[in-house]
>>> print(open('upload_19.cif').read())   # mmCIF, C-alpha atoms
data_final
loop_
_atom_site.label_atom_id
_atom_site.label_comp_id
_atom_site.auth_asym_id
_atom_site.auth_seq_id
_atom_site.Cartn_x
_atom_site.Cartn_y
_atom_site.Cartn_z
CA MET B 133 -18.65 5.84 22.13
CA ASN B 134 -16.80 4.35 19.18
CA ASN B 135 -18.67 1.52 17.44
CA ARG B 136 -15.81 0.83 15.07
CA ILE B 137 -15.34 -2.88 14.39
CA SER B 138 -11.98 -4.58 14.85
CA LYS B 139 -9.77 -5.37 11.88
CA ASP B 140 -10.50 -9.08 12.37
CA GLU B 141 -14.24 -8.35 12.17
CA TYR B 142 -13.68 -6.16 9.12
CA TYR B 143 -11.65 -8.74 7.19
CA LEU B 144 -13.93 -11.62 8.20
CA SER B 145 -16.89 -9.55 6.93
CA ILE B 146 -15.13 -9.16 3.60
CA ALA B 147 -14.41 -12.91 3.49
CA ALA B 148 -18.11 -13.57 4.20
CA ALA B 149 -19.09 -11.28 1.30
CA VAL B 150 -16.62 -13.08 -0.97
CA ALA B 151 -18.18 -16.42 0.08
CA LYS B 152 -21.50 -15.24 -1.36
CA ARG B 153 -19.90 -15.52 -4.85
CA SER B 154 -19.35 -19.26 -4.30
CA THR B 155 -20.85 -21.57 -6.91
CA CYS B 156 -20.98 -24.56 -4.55
CA LEU B 157 -24.37 -25.89 -3.52
CA ARG B 158 -23.03 -27.62 -0.41
CA ARG B 159 -20.93 -24.97 1.30
CA GLN B 160 -19.90 -21.40 0.53
CA TYR B 161 -16.41 -20.31 1.52
CA GLY B 162 -14.58 -17.04 1.02
CA ALA B 163 -10.94 -16.22 1.66
CA VAL B 164 -9.13 -12.89 1.91
CA ILE B 165 -5.35 -12.62 2.11
CA ILE B 166 -4.10 -9.57 4.02
CA ASN B 167 -0.56 -8.29 4.34
CA ASN B 168 0.53 -5.00 5.85
CA ASP B 169 -3.14 -4.11 6.34
CA GLU B 170 -3.85 -4.38 2.59
CA ILE B 171 -5.99 -6.85 0.68
CA ILE B 172 -3.66 -8.91 -1.49
CA SER B 173 -6.21 -11.32 -2.95
CA THR B 174 -9.62 -12.90 -2.51
CA GLY B 175 -11.06 -16.25 -3.52
CA TYR B 176 -14.20 -18.33 -3.20
CA ASN B 177 -14.92 -21.98 -3.82
CA GLY B 178 -16.21 -22.95 -7.22
CA ALA B 179 -15.56 -24.96 -10.35
CA ALA B 180 -12.34 -24.44 -12.27
CA ARG B 181 -12.49 -21.76 -14.97
CA GLY B 182 -14.43 -22.96 -17.97
CA GLU B 183 -16.02 -25.91 -16.15
CA PRO B 184 -19.74 -26.08 -15.29
CA ASN B 185 -20.61 -24.79 -11.82
CA CYS B 186 -22.77 -26.85 -9.47
CA CYS B 187 -25.11 -23.88 -9.00
CA ASP B 188 -25.69 -23.89 -12.77
CA THR B 189 -26.08 -27.67 -13.20
CA GLY B 190 -28.20 -27.94 -10.05
CA GLU B 191 -26.24 -30.87 -8.66
CA CYS B 192 -23.38 -31.44 -6.26
CA TRP B 193 -21.84 -34.80 -7.09
CA ARG B 194 -20.52 -35.30 -3.55
CA GLU B 195 -23.93 -34.47 -2.05
CA ALA B 196 -25.74 -36.74 -4.52
CA ASN B 197 -23.41 -39.59 -3.52
CA ASN B 198 -23.52 -38.94 0.25
CA ILE B 199 -19.82 -38.19 0.52
CA PRO B 200 -19.14 -36.85 4.06
CA HIS B 201 -17.57 -33.44 4.60
CA GLY B 202 -13.79 -33.67 4.45
CA GLU B 203 -13.63 -36.81 2.34
CA GLN B 204 -12.92 -37.51 -1.34
CA TYR B 205 -12.07 -33.93 -2.31
CA GLU B 206 -10.69 -35.20 -5.60
CA LYS B 207 -14.25 -35.98 -6.75
CA CYS B 208 -15.43 -32.41 -6.23
CA VAL B 209 -15.28 -30.02 -9.20
CA ALA B 210 -14.60 -27.03 -6.93
CA VAL B 211 -11.33 -25.29 -6.27
CA HIS B 212 -11.22 -24.23 -2.61
CA ALA B 213 -11.47 -20.57 -1.61
CA GLU B 214 -7.98 -20.61 -0.09
CA GLN B 215 -6.51 -22.09 -3.27
CA ASN B 216 -8.24 -19.52 -5.49
CA ALA B 217 -6.99 -16.66 -3.30
CA ILE B 218 -3.44 -18.03 -3.34
CA ILE B 219 -3.25 -18.56 -7.10
CA SER B 220 -4.48 -15.01 -7.65
CA ALA B 221 -1.60 -13.47 -5.69
CA ALA B 222 2.16 -13.19 -6.07
CA ARG B 223 4.11 -15.19 -3.50
CA HIS B 224 6.27 -12.23 -2.47
CA GLU B 225 3.04 -10.42 -1.46
CA MET B 226 1.90 -13.35 0.71
CA ILE B 227 5.05 -13.84 2.78
CA GLY B 228 4.04 -13.04 6.36
CA ALA B 229 0.37 -12.56 5.40
CA VAL B 230 -2.82 -13.57 7.20
CA LEU B 231 -5.64 -15.47 5.48
CA TYR B 232 -9.18 -14.73 6.67
CA LEU B 233 -11.65 -17.54 5.98
CA ALA B 234 -15.45 -17.41 6.25
CA GLY B 235 -17.93 -20.16 5.48
CA PHE B 236 -21.61 -20.99 5.37
CA GLY B 237 -23.52 -24.24 5.06
CA SER B 238 -26.16 -24.90 2.41
CA ASP B 239 -28.72 -23.63 4.95
CA GLY B 240 -26.92 -20.26 5.13
CA GLU B 241 -25.81 -20.90 8.72
CA LEU B 242 -22.29 -20.05 9.81
CA ALA B 243 -19.88 -22.94 9.24
CA SER B 244 -16.64 -23.54 11.11
CA PRO B 245 -14.20 -23.33 8.23
CA LYS B 246 -10.76 -24.74 8.69
CA PRO B 247 -8.40 -25.35 5.81
CA CYS B 248 -8.24 -28.96 4.66
CA ALA B 249 -4.85 -30.71 4.68
CA ILE B 250 -4.23 -29.83 1.02
CA CYS B 251 -5.07 -26.15 1.57
CA GLY B 252 -2.89 -26.18 4.68
CA ARG B 253 0.07 -27.13 2.50
CA PHE B 254 -0.83 -24.43 -0.06
CA ILE B 255 -1.06 -21.85 2.74
CA LYS B 256 2.28 -22.84 4.22
CA ASN B 257 4.06 -22.83 0.84
CA ALA B 258 2.57 -19.43 -0.02
CA GLY B 259 4.28 -17.92 3.04
CA ILE B 260 1.04 -17.16 4.88
CA VAL B 261 1.65 -17.33 8.64
CA GLU B 262 -1.83 -17.30 10.16
CA VAL B 263 -5.43 -18.24 9.38
CA VAL B 264 -8.30 -16.38 11.08
CA CYS B 265 -11.86 -17.75 11.05
CA ARG B 266 -14.90 -18.15 13.29
CA ASP B 267 -15.94 -21.23 15.23
CA ALA B 268 -19.51 -22.57 15.15
CA GLU B 269 -20.54 -20.10 17.89
CA GLY B 270 -19.14 -17.16 15.95
CA ARG B 271 -16.02 -16.62 18.09
CA ILE B 272 -12.87 -15.57 16.25
CA GLU B 273 -10.14 -18.21 16.11
CA ARG B 274 -6.50 -17.66 15.13
CA HIS B 275 -4.37 -20.52 13.83
CA ARG B 276 -0.62 -20.15 13.31
CA VAL B 277 0.65 -21.99 10.24
#
>>> encode(input="upload_19.cif", output="structure tokens")
Amino acid sequence: MNNRISKDEYYLSIAAAVAKRSTCLRRQYGAVIINNDEIISTGYNGAARGEPNCCDTGECWREANNIPHGEQYEKCVAVHAEQNAIISAARHEMIGAVLYLAGFGSDGELASPKPCAICGRFIKNAGIVEVVCRDAEGRIERHRV
């Protein structure tokens, strides 16, 4: 019997490992961009280069101010995982690609990551055609862009 995992499982596992590099105290996200069965780029959420990370300062401004998930992104110091993966890749490599997205809450439990509206626009402009993630129950979801 072959216990080989599917490609979706494989790439989501890589995205989950990338998420563990996140510097966010609130949620950890990891993104992997795949094209022609090759990893083009990875990214995780964290402060912009040269800025203090929440994990280093010990405070999430949005958490400290009770800002609900999905609101007031402009007040967060983090760059989203999808954005970091996109800016680390050449556009010609992303045309027709798939972005795998994994996320975890501050408790380490599986989150249901979906790109925010801003990331959705980044993804579309990059030429990525599909986003693959897991729902809260761990089922794989595919979203055409």
>>> resolve_selection(input="upload_19.cif", expression="the PyMOL selection byres ((chain B and resi 139-142) around 10)", output="list in words")
Arg136, Ile137, Ser138, Tyr143, Leu144, Ser145, Ile146, Ala147, Ala148, Asp169, Tyr232, Val264, Cys265, Arg266, Ile272, Glu273 and Arg274 of chain B
>>> write_last_selection(input="upload_19.cif", atoms="C-alpha atoms", output="PDB file, in the coordinates of the input")
ATOM      1  CA  ARG B 136     -15.810   0.830  15.070  1.00  0.00           C
ATOM      2  CA  ILE B 137     -15.340  -2.880  14.390  1.00  0.00           C
ATOM      3  CA  SER B 138     -11.980  -4.580  14.850  1.00  0.00           C
ATOM      4  CA  TYR B 143     -11.650  -8.740   7.190  1.00  0.00           C
ATOM      5  CA  LEU B 144     -13.930 -11.620   8.200  1.00  0.00           C
ATOM      6  CA  SER B 145     -16.890  -9.550   6.930  1.00  0.00           C
ATOM      7  CA  ILE B 146     -15.130  -9.160   3.600  1.00  0.00           C
ATOM      8  CA  ALA B 147     -14.410 -12.910   3.490  1.00  0.00           C
ATOM      9  CA  ALA B 148     -18.110 -13.570   4.200  1.00  0.00           C
ATOM     10  CA  ASP B 169      -3.140  -4.110   6.340  1.00  0.00           C
ATOM     11  CA  TYR B 232      -9.180 -14.730   6.670  1.00  0.00           C
ATOM     12  CA  VAL B 264      -8.300 -16.380  11.080  1.00  0.00           C
ATOM     13  CA  CYS B 265     -11.860 -17.750  11.050  1.00  0.00           C
ATOM     14  CA  ARG B 266     -14.900 -18.150  13.290  1.00  0.00           C
ATOM     15  CA  ILE B 272     -12.870 -15.570  16.250  1.00  0.00           C
ATOM     16  CA  GLU B 273     -10.140 -18.210  16.110  1.00  0.00           C
ATOM     17  CA  ARG B 274      -6.500 -17.660  15.130  1.00  0.00           C
TER      18      ARG B 274
END
>>> resolve_selection(input="upload_19.cif", expression="the PyMOL selection byres ((chain B and resi 160) around 7)", output="PDB file with C-alpha atoms, keeping the file's coordinate frame")
ATOM      1  CA  ALA B 151     -18.180 -16.420   0.080  1.00  0.00           C
ATOM      2  CA  LYS B 152     -21.500 -15.240  -1.360  1.00  0.00           C
ATOM      3  CA  SER B 154     -19.350 -19.260  -4.300  1.00  0.00           C
ATOM      4  CA  CYS B 156     -20.980 -24.560  -4.550  1.00  0.00           C
ATOM      5  CA  ARG B 159     -20.930 -24.970   1.300  1.00  0.00           C
ATOM      6  CA  TYR B 161     -16.410 -20.310   1.520  1.00  0.00           C
ATOM      7  CA  GLY B 162     -14.580 -17.040   1.020  1.00  0.00           C
ATOM      8  CA  ASN B 177     -14.920 -21.980  -3.820  1.00  0.00           C
ATOM      9  CA  GLY B 235     -17.930 -20.160   5.480  1.00  0.00           C
ATOM     10  CA  PHE B 236     -21.610 -20.990   5.370  1.00  0.00           C
ATOM     11  CA  GLY B 237     -23.520 -24.240   5.060  1.00  0.00           C
TER      12      GLY B 237
END
>>> residues_around(input="upload_19.cif", residues="range 180-187 of chain B", least_positions_apart="6", cutoff="8 Å", atoms="only C-alpha atoms", output="PDB file with C-alpha atoms, in the frame of the given file")
ATOM      1  CA  THR B 155     -20.850 -21.570  -6.910  1.00  0.00           C
ATOM      2  CA  CYS B 156     -20.980 -24.560  -4.550  1.00  0.00           C
ATOM      3  CA  LEU B 157     -24.370 -25.890  -3.520  1.00  0.00           C
ATOM      4  CA  VAL B 209     -15.280 -30.020  -9.200  1.00  0.00           C
ATOM      5  CA  ALA B 210     -14.600 -27.030  -6.930  1.00  0.00           C
ATOM      6  CA  VAL B 211     -11.330 -25.290  -6.270  1.00  0.00           C
TER       7      VAL B 211
END
>>> residues_around(input="upload_19.cif", residues="Arg253 in chain B", least_positions_apart="6", cutoff="12 Å", atoms="all atoms listed in the file", output="mmCIF file with C-alpha atoms, in the coordinates of the input")
data_model
loop_
_atom_site.group_PDB
_atom_site.id
_atom_site.type_symbol
_atom_site.label_atom_id
_atom_site.label_comp_id
_atom_site.auth_asym_id
_atom_site.auth_seq_id
_atom_site.Cartn_x
_atom_site.Cartn_y
_atom_site.Cartn_z
ATOM 1 C CA GLU B 214 -7.980 -20.610 -0.090
ATOM 2 C CA GLN B 215 -6.510 -22.090 -3.270
ATOM 3 C CA ILE B 218 -3.440 -18.030 -3.340
ATOM 4 C CA PRO B 247 -8.400 -25.350 5.810
ATOM 5 C CA GLY B 259 4.280 -17.920 3.040
ATOM 6 C CA ILE B 260 1.040 -17.160 4.880
ATOM 7 C CA VAL B 261 1.650 -17.330 8.640
ATOM 8 C CA VAL B 277 0.650 -21.990 10.240
#
>>> closest_residue(input="upload_19.cif", among="B:Arg158, B:Ile255, B:Ala221, B:Ser244", to="Cys192 in chain B", atoms="only C-alpha atoms")
B:Arg158
>>> resolve_selection(input="upload_19.cif", expression="the PyMOL selection byres ((chain B and resi 225) around 12)", output="PyMOL selection string")
chain B and resi 165-173+217-224+226-230+258-260
